[in-house]
$ cat query_0.csv   # CSV, N, CA and C atoms
chain,number,residue,atom,x,y,z
V,1,MET,N,-3.5,10.3,38.3
V,1,MET,CA,-3.2,10.6,36.9
V,1,MET,C,-4.0,11.9,36.5
V,2,SER,N,-3.4,12.7,35.7
V,2,SER,CA,-4.1,13.8,35.2
V,2,SER,C,-5.0,13.4,34.0
V,3,GLY,N,-5.6,14.4,33.3
V,3,GLY,CA,-6.5,14.1,32.2
V,3,GLY,C,-5.8,13.8,30.9
V,4,VAL,N,-4.5,13.5,30.9
V,4,VAL,CA,-3.7,13.3,29.6
V,4,VAL,C,-4.0,11.9,29.1
V,5,ARG,N,-4.4,11.8,27.9
V,5,ARG,CA,-4.7,10.5,27.3
V,5,ARG,C,-3.8,10.3,26.1
V,6,THR,N,-3.3,9.1,25.9
V,6,THR,CA,-2.6,8.8,24.7
V,6,THR,C,-3.6,8.1,23.7
V,7,ALA,N,-3.4,8.4,22.4
V,7,ALA,CA,-4.3,7.9,21.4
V,7,ALA,C,-4.1,6.4,21.3
V,8,ASP,N,-5.2,5.6,20.9
V,8,ASP,CA,-5.0,4.2,20.7
V,8,ASP,C,-4.3,4.0,19.3
V,9,LYS,N,-3.9,2.8,19.1
V,9,LYS,CA,-3.2,2.5,17.8
V,9,LYS,C,-3.8,2.9,16.5
V,10,PRO,N,-5.1,2.5,16.4
V,10,PRO,CA,-5.8,3.0,15.1
V,10,PRO,C,-5.8,4.5,14.9
V,11,THR,N,-6.0,5.2,16.0
V,11,THR,CA,-6.0,6.7,15.9
V,11,THR,C,-4.6,7.2,15.6
V,12,GLN,N,-3.6,6.6,16.1
V,12,GLN,CA,-2.2,7.0,15.8
V,12,GLN,C,-1.9,6.8,14.3
V,13,ARG,N,-2.3,5.6,13.8
V,13,ARG,CA,-2.1,5.3,12.4
V,13,ARG,C,-2.9,6.2,11.5
V,14,LEU,N,-4.1,6.6,11.9
V,14,LEU,CA,-4.9,7.5,11.1
V,14,LEU,C,-4.2,8.9,11.0
V,15,ARG,N,-3.6,9.4,12.1
V,15,ARG,CA,-2.9,10.6,12.1
V,15,ARG,C,-1.6,10.6,11.2
V,16,ARG,N,-0.9,9.4,11.3
V,16,ARG,CA,0.3,9.3,10.4
V,16,ARG,C,-0.2,9.2,9.0
V,17,ARG,N,-1.3,8.5,8.7
V,17,ARG,CA,-1.8,8.4,7.3
V,17,ARG,C,-2.2,9.8,6.8
V,18,ARG,N,-2.8,10.6,7.6
V,18,ARG,CA,-3.2,11.9,7.1
V,18,ARG,C,-2.0,12.8,6.9
V,19,ARG,N,-1.0,12.6,7.7
V,19,ARG,CA,0.2,13.4,7.5
V,19,ARG,C,0.9,13.0,6.2
V,20,VAL,N,1.0,11.7,5.9
V,20,VAL,CA,1.5,11.3,4.6
V,20,VAL,C,0.7,11.8,3.4
V,21,ARG,N,-0.6,11.7,3.5
V,21,ARG,CA,-1.5,12.1,2.4
V,21,ARG,C,-1.5,13.5,2.2
V,22,ALA,N,-1.1,14.3,3.1
V,22,ALA,CA,-1.0,15.8,2.9
V,22,ALA,C,0.1,16.1,1.9
V,23,LYS,N,1.1,15.2,1.8
V,23,LYS,CA,2.3,15.4,1.0
V,23,LYS,C,2.2,14.6,-0.3
V,24,VAL,N,1.5,13.5,-0.3
V,24,VAL,CA,1.5,12.6,-1.5
V,24,VAL,C,0.2,12.7,-2.3
V,25,ARG,N,0.4,13.0,-3.6
V,25,ARG,CA,-0.8,13.1,-4.4
V,25,ARG,C,-0.5,12.3,-5.7
V,26,GLY,N,-1.4,11.5,-6.2
V,26,GLY,CA,-1.3,10.7,-7.4
V,26,GLY,C,-1.9,11.4,-8.6
V,27,THR,N,-1.3,11.3,-9.7
V,27,THR,CA,-1.8,11.8,-11.0
V,27,THR,C,-1.9,10.7,-12.0
V,28,ALA,N,-2.4,10.9,-13.2
V,28,ALA,CA,-2.6,9.9,-14.2
V,28,ALA,C,-1.2,9.4,-14.6
V,29,GLU,N,-0.2,10.3,-14.7
V,29,GLU,CA,1.1,9.8,-15.2
V,29,GLU,C,1.8,9.1,-14.1
V,30,ARG,N,1.6,9.6,-12.8
V,30,ARG,CA,2.3,9.1,-11.7
V,30,ARG,C,1.3,8.9,-10.5
V,31,PRO,N,0.6,7.7,-10.6
V,31,PRO,CA,-0.4,7.5,-9.5
V,31,PRO,C,0.2,7.2,-8.2
V,32,ARG,N,-0.7,7.2,-7.2
V,32,ARG,CA,-0.3,6.9,-5.8
V,32,ARG,C,-0.5,5.4,-5.6
V,33,LEU,N,0.5,4.7,-5.1
V,33,LEU,CA,0.4,3.3,-4.7
V,33,LEU,C,0.0,3.2,-3.2
V,34,SER,N,-1.3,3.0,-3.0
V,34,SER,CA,-1.9,3.0,-1.7
V,34,SER,C,-1.9,1.6,-1.1
V,35,VAL,N,-1.4,1.4,0.1
V,35,VAL,CA,-1.3,0.1,0.8
V,35,VAL,C,-2.3,0.1,2.0
V,36,PHE,N,-3.0,-1.0,2.1
V,36,PHE,CA,-3.8,-1.3,3.3
V,36,PHE,C,-3.3,-2.7,3.8
V,37,ARG,N,-3.0,-2.8,5.1
V,37,ARG,CA,-2.5,-4.0,5.7
V,37,ARG,C,-3.4,-4.4,6.8
V,38,SER,N,-3.9,-5.6,6.8
V,38,SER,CA,-4.7,-6.1,7.9
V,38,SER,C,-4.0,-7.3,8.5
V,39,ASN,N,-4.5,-7.8,9.6
V,39,ASN,CA,-3.9,-9.0,10.2
V,39,ASN,C,-3.9,-10.2,9.3
V,40,ARG,N,-4.9,-10.3,8.4
V,40,ARG,CA,-5.0,-11.4,7.5
V,40,ARG,C,-4.3,-11.3,6.2
V,41,GLY,N,-4.1,-10.1,5.7
V,41,GLY,CA,-3.5,-9.9,4.4
V,41,GLY,C,-3.2,-8.5,4.0
V,42,VAL,N,-3.0,-8.3,2.7
V,42,VAL,CA,-2.6,-6.9,2.3
V,42,VAL,C,-3.3,-6.6,1.0
V,43,GLN,N,-3.6,-5.3,0.8
V,43,GLN,CA,-4.3,-4.8,-0.4
V,43,GLN,C,-3.5,-3.6,-0.9
V,44,ALA,N,-3.5,-3.5,-2.2
V,44,ALA,CA,-2.8,-2.3,-2.8
V,44,ALA,C,-3.5,-1.9,-4.0
V,45,GLN,N,-3.4,-0.6,-4.3
V,45,GLN,CA,-4.1,-0.1,-5.5
V,45,GLN,C,-3.3,1.2,-6.0
V,46,LEU,N,-3.4,1.4,-7.3
V,46,LEU,CA,-2.8,2.6,-7.9
V,46,LEU,C,-3.9,3.6,-8.1
V,47,VAL,N,-3.8,4.7,-7.5
V,47,VAL,CA,-4.9,5.7,-7.5
V,47,VAL,C,-4.5,7.0,-8.2
V,48,ASP,N,-5.4,7.4,-9.2
V,48,ASP,CA,-5.2,8.8,-9.8
V,48,ASP,C,-6.1,9.7,-8.9
V,49,ASP,N,-5.5,10.5,-8.0
V,49,ASP,CA,-6.3,11.4,-7.1
V,49,ASP,C,-6.9,12.5,-7.9
V,50,VAL,N,-6.4,12.9,-9.0
V,50,VAL,CA,-6.9,14.0,-9.7
V,50,VAL,C,-8.3,13.6,-10.3
V,51,ALA,N,-8.4,12.5,-10.9
V,51,ALA,CA,-9.6,12.0,-11.5
V,51,ALA,C,-10.5,11.2,-10.5
V,52,GLY,N,-9.8,10.8,-9.4
V,52,GLY,CA,-10.6,10.0,-8.5
V,52,GLY,C,-10.8,8.5,-8.9
V,53,ARG,N,-9.8,8.0,-9.7
V,53,ARG,CA,-10.0,6.6,-10.2
V,53,ARG,C,-8.9,5.7,-9.7
V,54,THR,N,-9.2,4.4,-9.6
V,54,THR,CA,-8.3,3.4,-9.4
V,54,THR,C,-7.8,2.8,-10.7
V,55,LEU,N,-6.5,2.8,-11.0
V,55,LEU,CA,-6.0,2.3,-12.2
V,55,LEU,C,-5.7,0.8,-12.2
V,56,ALA,N,-5.3,0.3,-11.1
V,56,ALA,CA,-5.0,-1.1,-10.9
V,56,ALA,C,-5.0,-1.4,-9.5
V,57,ALA,N,-5.4,-2.7,-9.1
V,57,ALA,CA,-5.5,-3.1,-7.7
V,57,ALA,C,-5.2,-4.6,-7.6
V,58,THR,N,-4.9,-4.9,-6.4
V,58,THR,CA,-4.7,-6.3,-6.0
V,58,THR,C,-5.0,-6.5,-4.6
V,59,THR,N,-5.5,-7.7,-4.2
V,59,THR,CA,-5.9,-8.0,-2.9
V,59,THR,C,-5.4,-9.4,-2.5
V,60,TRP,N,-5.3,-9.7,-1.2
V,60,TRP,CA,-4.7,-11.0,-0.8
V,60,TRP,C,-5.7,-12.1,-1.0
V,61,THR,N,-7.0,-11.8,-1.3
V,61,THR,CA,-8.0,-12.8,-1.4
V,61,THR,C,-8.0,-13.5,-2.8
V,62,GLU,N,-7.1,-13.0,-3.7
V,62,GLU,CA,-7.0,-13.6,-5.0
V,62,GLU,C,-6.5,-15.0,-4.9
V,63,PRO,N,-6.9,-15.9,-5.7
V,63,PRO,CA,-6.6,-17.4,-5.6
V,63,PRO,C,-5.1,-17.7,-5.5
V,64,ASP,N,-4.3,-17.0,-6.4
V,64,ASP,CA,-2.8,-17.3,-6.4
V,64,ASP,C,-2.1,-16.7,-5.2
V,65,LEU,N,-2.7,-15.8,-4.4
V,65,LEU,CA,-2.1,-15.2,-3.3
V,65,LEU,C,-2.5,-15.9,-2.0
V,66,ARG,N,-3.6,-16.5,-2.0
V,66,ARG,CA,-4.3,-17.0,-0.8
V,66,ARG,C,-3.4,-18.0,0.0
V,67,GLU,N,-2.8,-18.9,-0.7
V,67,GLU,CA,-2.0,-20.0,-0.1
V,67,GLU,C,-0.7,-19.6,0.4
V,68,LEU,N,-0.2,-18.4,0.1
V,68,LEU,CA,1.2,-18.0,0.4
V,68,LEU,C,1.2,-17.5,1.9
V,69,GLY,N,2.4,-17.5,2.5
V,69,GLY,CA,2.6,-16.9,3.8
V,69,GLY,C,2.5,-15.4,3.6
V,70,ARG,N,2.4,-14.7,4.7
V,70,ARG,CA,2.1,-13.2,4.7
V,70,ARG,C,3.1,-12.4,3.9
V,71,THR,N,4.4,-12.6,4.2
V,71,THR,CA,5.4,-11.8,3.6
V,71,THR,C,5.5,-12.2,2.1
V,72,ASP,N,5.5,-13.5,1.8
V,72,ASP,CA,5.5,-13.9,0.4
V,72,ASP,C,4.3,-13.4,-0.4
V,73,GLN,N,3.2,-13.4,0.3
V,73,GLN,CA,1.9,-12.9,-0.3
V,73,GLN,C,2.0,-11.5,-0.6
V,74,ALA,N,2.6,-10.7,0.3
V,74,ALA,CA,2.8,-9.2,0.0
V,74,ALA,C,3.7,-9.0,-1.1
V,75,ARG,N,4.8,-9.7,-1.2
V,75,ARG,CA,5.8,-9.6,-2.3
V,75,ARG,C,5.1,-9.9,-3.6
V,76,ARG,N,4.4,-11.0,-3.7
V,76,ARG,CA,3.7,-11.4,-4.9
V,76,ARG,C,2.6,-10.4,-5.3
V,77,ALA,N,1.9,-9.9,-4.3
V,77,ALA,CA,0.9,-8.9,-4.6
V,77,ALA,C,1.5,-7.7,-5.3
V,78,GLY,N,2.7,-7.3,-4.8
V,78,GLY,CA,3.4,-6.1,-5.4
V,78,GLY,C,3.8,-6.5,-6.9
V,79,GLU,N,4.3,-7.7,-7.1
V,79,GLU,CA,4.6,-8.1,-8.5
V,79,GLU,C,3.4,-8.1,-9.4
V,80,LEU,N,2.3,-8.6,-8.9
V,80,LEU,CA,1.0,-8.6,-9.6
V,80,LEU,C,0.5,-7.2,-9.9
V,81,LEU,N,0.6,-6.3,-8.9
V,81,LEU,CA,0.2,-4.9,-9.1
V,81,LEU,C,1.1,-4.3,-10.2
V,82,ALA,N,2.4,-4.6,-10.2
V,82,ALA,CA,3.3,-4.0,-11.2
V,82,ALA,C,2.9,-4.5,-12.6
V,83,GLU,N,2.5,-5.8,-12.8
V,83,GLU,CA,2.1,-6.3,-14.1
V,83,GLU,C,0.8,-5.6,-14.5
V,84,ARG,N,-0.1,-5.4,-13.6
V,84,ARG,CA,-1.4,-4.7,-14.0
V,84,ARG,C,-1.1,-3.2,-14.3
V,85,ALA,N,-0.2,-2.6,-13.6
V,85,ALA,CA,0.2,-1.2,-13.9
V,85,ALA,C,0.7,-1.1,-15.3
V,86,ARG,N,1.6,-2.0,-15.6
V,86,ARG,CA,2.2,-1.9,-17.0
V,86,ARG,C,1.1,-2.1,-18.0
V,87,ALA,N,0.2,-3.0,-17.8
V,87,ALA,CA,-1.0,-3.2,-18.7
V,87,ALA,C,-1.8,-1.9,-18.8
V,88,ALA,N,-1.9,-1.1,-17.7
V,88,ALA,CA,-2.6,0.1,-17.8
V,88,ALA,C,-1.8,1.3,-18.3
V,89,GLY,N,-0.5,1.0,-18.6
V,89,GLY,CA,0.4,2.1,-19.1
V,89,GLY,C,1.0,2.9,-18.1
V,90,VAL,N,1.2,2.4,-16.9
V,90,VAL,CA,1.8,3.1,-15.8
V,90,VAL,C,3.2,2.5,-15.5
V,91,GLU,N,4.2,3.4,-15.5
V,91,GLU,CA,5.6,2.9,-15.2
V,91,GLU,C,6.1,3.4,-13.9
V,92,THR,N,5.7,4.6,-13.5
V,92,THR,CA,6.2,5.2,-12.2
V,92,THR,C,5.0,5.5,-11.3
V,93,CYS,N,5.3,5.6,-10.0
V,93,CYS,CA,4.2,5.9,-9.0
V,93,CYS,C,4.8,6.6,-7.8
V,94,VAL,N,4.0,7.1,-6.9
V,94,VAL,CA,4.5,7.5,-5.6
V,94,VAL,C,3.9,6.5,-4.6
V,95,PHE,N,4.7,6.2,-3.6
V,95,PHE,CA,4.4,5.2,-2.6
V,95,PHE,C,3.7,5.8,-1.4
V,96,ASP,N,2.5,5.4,-1.1
V,96,ASP,CA,1.8,5.8,0.1
V,96,ASP,C,1.7,4.6,1.1
V,97,ARG,N,2.4,4.6,2.1
V,97,ARG,CA,2.5,3.5,3.0
V,97,ARG,C,1.3,3.4,4.0
V,98,GLY,N,0.4,4.4,3.9
V,98,GLY,CA,-0.9,4.3,4.6
V,98,GLY,C,-0.8,4.4,6.1
V,99,GLY,N,0.3,5.1,6.6
V,99,GLY,CA,0.5,5.2,8.1
V,99,GLY,C,1.2,4.0,8.7
V,100,TYR,N,1.5,3.0,7.9
V,100,TYR,CA,2.2,1.8,8.5
V,100,TYR,C,3.7,2.1,8.4
V,101,ARG,N,4.5,1.5,9.2
V,101,ARG,CA,6.0,1.6,9.1
V,101,ARG,C,6.4,0.9,7.9
V,102,TYR,N,7.5,1.4,7.2
V,102,TYR,CA,8.0,0.8,6.0
V,102,TYR,C,8.9,-0.4,6.5
V,103,HIS,N,8.2,-1.5,6.8
V,103,HIS,CA,8.8,-2.7,7.4
V,103,HIS,C,8.0,-3.9,7.1
V,104,GLY,N,8.5,-5.1,7.1
V,104,GLY,CA,7.8,-6.3,7.0
V,104,GLY,C,7.0,-6.4,5.7
V,105,ARG,N,5.7,-6.6,5.8
V,105,ARG,CA,4.8,-6.8,4.6
V,105,ARG,C,4.7,-5.6,3.8
V,106,VAL,N,4.7,-4.4,4.3
V,106,VAL,CA,4.7,-3.1,3.5
V,106,VAL,C,5.9,-3.0,2.7
V,107,GLN,N,7.1,-3.3,3.3
V,107,GLN,CA,8.3,-3.3,2.6
V,107,GLN,C,8.4,-4.4,1.5
V,108,ALA,N,7.9,-5.6,1.8
V,108,ALA,CA,7.9,-6.7,0.9
V,108,ALA,C,7.0,-6.3,-0.3
V,109,LEU,N,5.9,-5.7,-0.1
V,109,LEU,CA,5.0,-5.3,-1.2
V,109,LEU,C,5.7,-4.3,-2.1
V,110,ALA,N,6.4,-3.3,-1.5
V,110,ALA,CA,7.1,-2.3,-2.3
V,110,ALA,C,8.3,-2.9,-3.1
V,111,GLU,N,9.0,-3.8,-2.5
V,111,GLU,CA,10.1,-4.5,-3.2
V,111,GLU,C,9.6,-5.4,-4.3
V,112,GLY,N,8.4,-6.0,-4.1
V,112,GLY,CA,7.8,-6.8,-5.2
V,112,GLY,C,7.4,-6.0,-6.3
V,113,ALA,N,6.8,-4.8,-6.0
V,113,ALA,CA,6.4,-3.9,-7.1
V,113,ALA,C,7.6,-3.4,-7.9
V,114,ARG,N,8.7,-3.1,-7.2
V,114,ARG,CA,10.0,-2.7,-7.9
V,114,ARG,C,10.5,-3.8,-8.7
V,115,GLU,N,10.5,-5.1,-8.2
V,115,GLU,CA,11.0,-6.2,-9.0
V,115,GLU,C,10.1,-6.4,-10.2
V,116,GLY,N,8.8,-6.1,-10.1
V,116,GLY,CA,7.9,-6.2,-11.2
V,116,GLY,C,8.0,-5.1,-12.3
V,117,GLY,N,8.9,-4.1,-12.0
V,117,GLY,CA,9.1,-3.1,-13.0
V,117,GLY,C,8.5,-1.7,-12.7
V,118,LEU,N,7.9,-1.6,-11.5
V,118,LEU,CA,7.3,-0.3,-11.2
V,118,LEU,C,8.4,0.6,-10.5
V,119,ARG,N,8.5,1.8,-10.9
V,119,ARG,CA,9.5,2.7,-10.3
V,119,ARG,C,8.9,3.7,-9.4
V,120,PHE,N,9.5,3.9,-8.2
V,120,PHE,CA,9.1,5.0,-7.3
V,120,PHE,C,10.2,5.3,-6.3
$ encode --input "query_0.csv" --output "structure tokens"
Amino acid sequence: MSGVRTADKPTQRLRRRRRVRAKVRGTAERPRLSVFRSNRGVQAQLVDDVAGRTLAATTWTEPDLRELGRTDQARRAGELLAERARAAGVETCVFDRGGYRYHGRVQALAEGAREGGLRF
């Protein structure tokens, strides 16, 4: 074998994440919905990149999300985030999938946020 190495999965995800973040920027009127997915659960937050503030957030460790299955948990987390966004006065956002494929739990979270009334 020659000296060619393929990057490991976390490095590949980081490269995809940076590529997405180069194009996606959140503002106060239209914040960025940032998603983090782990093996155990999912976290999401609405970020105003201009001010460097988080406007609303949700995590899988909250009591009403903890007992659900992973996909149901992600969908409910999206709905919860949409409720909190409305309370903060946010109606639209840009979606930052964080380098993950738009599939499974990431897709479920996005659909839950849309069902909760968030537009993107």
$ select_by_dssp --input "query_0.csv" --residues "stretch 16-113 of chain V" --states "strand (DSSP E)" --output "number ranges by chain"
V: 32-37, 42-48, 53-59, 94-96
$ atom_distance --input "query_0.csv" --atom1 "atom CA of V:Gly78" --atom2 "atom N of V:Ala44"
8.0 Å
$ residues_around --input "query_0.csv" --residues "V:Val50" --least-positions-apart "4" --cutoff "7 Å" --atoms "all atoms listed in the file" --output "PyMOL selection string"
chain V and resi 25-28
$ atom_distance --input "query_0.csv" --atom1 "atom CA of V:Arg97" --atom2 "atom CA of V:Phe120"
12.3 Å
$ residues_around --input "query_0.csv" --residues "stretch 101-106 of chain V" --least-positions-apart "3" --cutoff "7 Å" --atoms "all atoms listed in the file" --output "JSON, numbers by chain"
{"V": [70, 71, 74, 75, 97, 98, 109, 110, 111]}
$ atom_distance --input "query_0.csv" --atom1 "atom C of V:Leu33" --atom2 "atom C of V:Thr6"
27.6 Å
$ select_by_dssp --input "query_0.csv" --residues "chain V" --states "helix (DSSP H, G or I)" --output "ChimeraX atom specification"
/V:9-21,63-66,70-87,105-115
$ residues_around --input "query_0.csv" --residues "V:Leu80" --least-positions-apart "3" --cutoff "7 Å" --atoms "all atoms listed in the file" --output "list in words"
Ala57, Thr58, Arg75, Arg76, Ala77, Glu83, Arg84, Ala85, Gly112, Ala113 and Gly116 of chain V
$ closest_residue --input "query_0.csv" --among "V:Arg16, V:Thr92, V:Pro10, V:Leu81" --to "V:Gln45" --atoms "only N, CA and C atoms"
V:Leu81
$ closest_residue --input "query_0.csv" --among "V:Arg66, V:Pro31, V:Arg37, V:Asp96" --to "V:Asp49" --atoms "only C-alpha atoms"
V:Pro31
$ build_atoms --input "query_0.csv" --residues "stretch 55-66 of chain V" --atoms "all heavy atoms" --output "short mmCIF file (atom, residue, chain, number, x, y, z; two decimals), keeping the file's coordinate frame"
data_model
loop_
_atom_site.label_atom_id
_atom_site.label_comp_id
_atom_site.auth_asym_id
_atom_site.auth_seq_id
_atom_site.Cartn_x
_atom_site.Cartn_y
_atom_site.Cartn_z
N LEU V 55 -6.50 2.80 -11.00
CA LEU V 55 -6.00 2.30 -12.20
C LEU V 55 -5.70 0.80 -12.20
O LEU V 55 -5.88 0.15 -13.23
CB LEU V 55 -4.77 3.11 -12.61
CG LEU V 55 -4.93 4.63 -12.62
CD1 LEU V 55 -3.60 5.31 -12.88
CD2 LEU V 55 -5.95 5.05 -13.66
N ALA V 56 -5.30 0.30 -11.10
CA ALA V 56 -5.00 -1.10 -10.90
C ALA V 56 -5.00 -1.40 -9.50
O ALA V 56 -4.78 -0.59 -8.60
CB ALA V 56 -3.56 -1.42 -11.48
N ALA V 57 -5.40 -2.70 -9.10
CA ALA V 57 -5.50 -3.10 -7.70
C ALA V 57 -5.20 -4.60 -7.60
O ALA V 57 -5.30 -5.34 -8.55
CB ALA V 57 -6.91 -2.78 -7.23
N THR V 58 -4.90 -4.90 -6.40
CA THR V 58 -4.70 -6.30 -6.00
C THR V 58 -5.00 -6.50 -4.60
O THR V 58 -4.90 -5.60 -3.76
CB THR V 58 -3.21 -6.80 -6.29
OG1 THR V 58 -3.10 -8.18 -6.04
CG2 THR V 58 -2.22 -6.07 -5.44
N THR V 59 -5.50 -7.70 -4.20
CA THR V 59 -5.90 -8.00 -2.90
C THR V 59 -5.40 -9.40 -2.50
O THR V 59 -5.28 -10.28 -3.38
CB THR V 59 -7.39 -7.83 -2.64
OG1 THR V 59 -7.69 -8.09 -1.28
CG2 THR V 59 -8.20 -8.73 -3.54
N TRP V 60 -5.30 -9.70 -1.20
CA TRP V 60 -4.70 -11.00 -0.80
C TRP V 60 -5.70 -12.10 -1.00
O TRP V 60 -5.37 -13.26 -0.89
CB TRP V 60 -4.36 -10.87 0.73
CG TRP V 60 -5.54 -10.68 1.64
CD1 TRP V 60 -6.14 -9.51 1.97
CD2 TRP V 60 -6.26 -11.70 2.32
NE1 TRP V 60 -7.19 -9.73 2.82
CE2 TRP V 60 -7.29 -11.07 3.05
CE3 TRP V 60 -6.14 -13.08 2.39
CZ2 TRP V 60 -8.19 -11.78 3.83
CZ3 TRP V 60 -7.04 -13.78 3.17
CH2 TRP V 60 -8.05 -13.13 3.88
N THR V 61 -7.00 -11.80 -1.30
CA THR V 61 -8.00 -12.80 -1.40
C THR V 61 -8.00 -13.50 -2.80
O THR V 61 -8.74 -14.43 -3.05
CB THR V 61 -9.43 -12.28 -1.16
OG1 THR V 61 -9.66 -11.18 -2.03
CG2 THR V 61 -9.58 -11.83 0.28
N GLU V 62 -7.10 -13.00 -3.70
CA GLU V 62 -7.00 -13.60 -5.00
C GLU V 62 -6.50 -15.00 -4.90
O GLU V 62 -5.60 -15.28 -4.04
CB GLU V 62 -6.13 -12.74 -5.91
CG GLU V 62 -6.74 -11.38 -6.19
CD GLU V 62 -5.86 -10.51 -7.04
OE1 GLU V 62 -5.00 -11.04 -7.77
OE2 GLU V 62 -6.03 -9.29 -6.99
N PRO V 63 -6.90 -15.90 -5.70
CA PRO V 63 -6.60 -17.40 -5.60
C PRO V 63 -5.10 -17.70 -5.50
O PRO V 63 -4.62 -18.49 -4.72
CB PRO V 63 -7.20 -18.03 -6.79
CG PRO V 63 -8.30 -17.12 -7.19
CD PRO V 63 -7.86 -15.73 -6.82
N ASP V 64 -4.30 -17.00 -6.40
CA ASP V 64 -2.80 -17.30 -6.40
C ASP V 64 -2.10 -16.70 -5.20
O ASP V 64 -0.90 -17.01 -5.00
CB ASP V 64 -2.19 -16.95 -7.72
CG ASP V 64 -2.44 -15.50 -8.10
OD1 ASP V 64 -3.38 -14.91 -7.57
OD2 ASP V 64 -1.69 -14.99 -8.94
N LEU V 65 -2.70 -15.80 -4.40
CA LEU V 65 -2.10 -15.20 -3.30
C LEU V 65 -2.50 -15.90 -2.00
O LEU V 65 -1.80 -15.79 -0.96
CB LEU V 65 -2.38 -13.72 -3.20
CG LEU V 65 -1.92 -12.86 -4.36
CD1 LEU V 65 -2.36 -11.43 -4.14
CD2 LEU V 65 -0.42 -12.94 -4.52
N ARG V 66 -3.60 -16.50 -2.00
CA ARG V 66 -4.30 -17.00 -0.80
C ARG V 66 -3.40 -18.00 0.00
O ARG V 66 -3.44 -18.06 1.23
CB ARG V 66 -5.64 -17.57 -1.09
CG ARG V 66 -6.67 -17.23 -0.09
CD ARG V 66 -8.05 -17.52 -0.67
NE ARG V 66 -9.03 -17.62 0.38
CZ ARG V 66 -9.57 -16.60 1.00
NH1 ARG V 66 -9.21 -15.39 0.70
NH2 ARG V 66 -10.47 -16.77 1.94
#
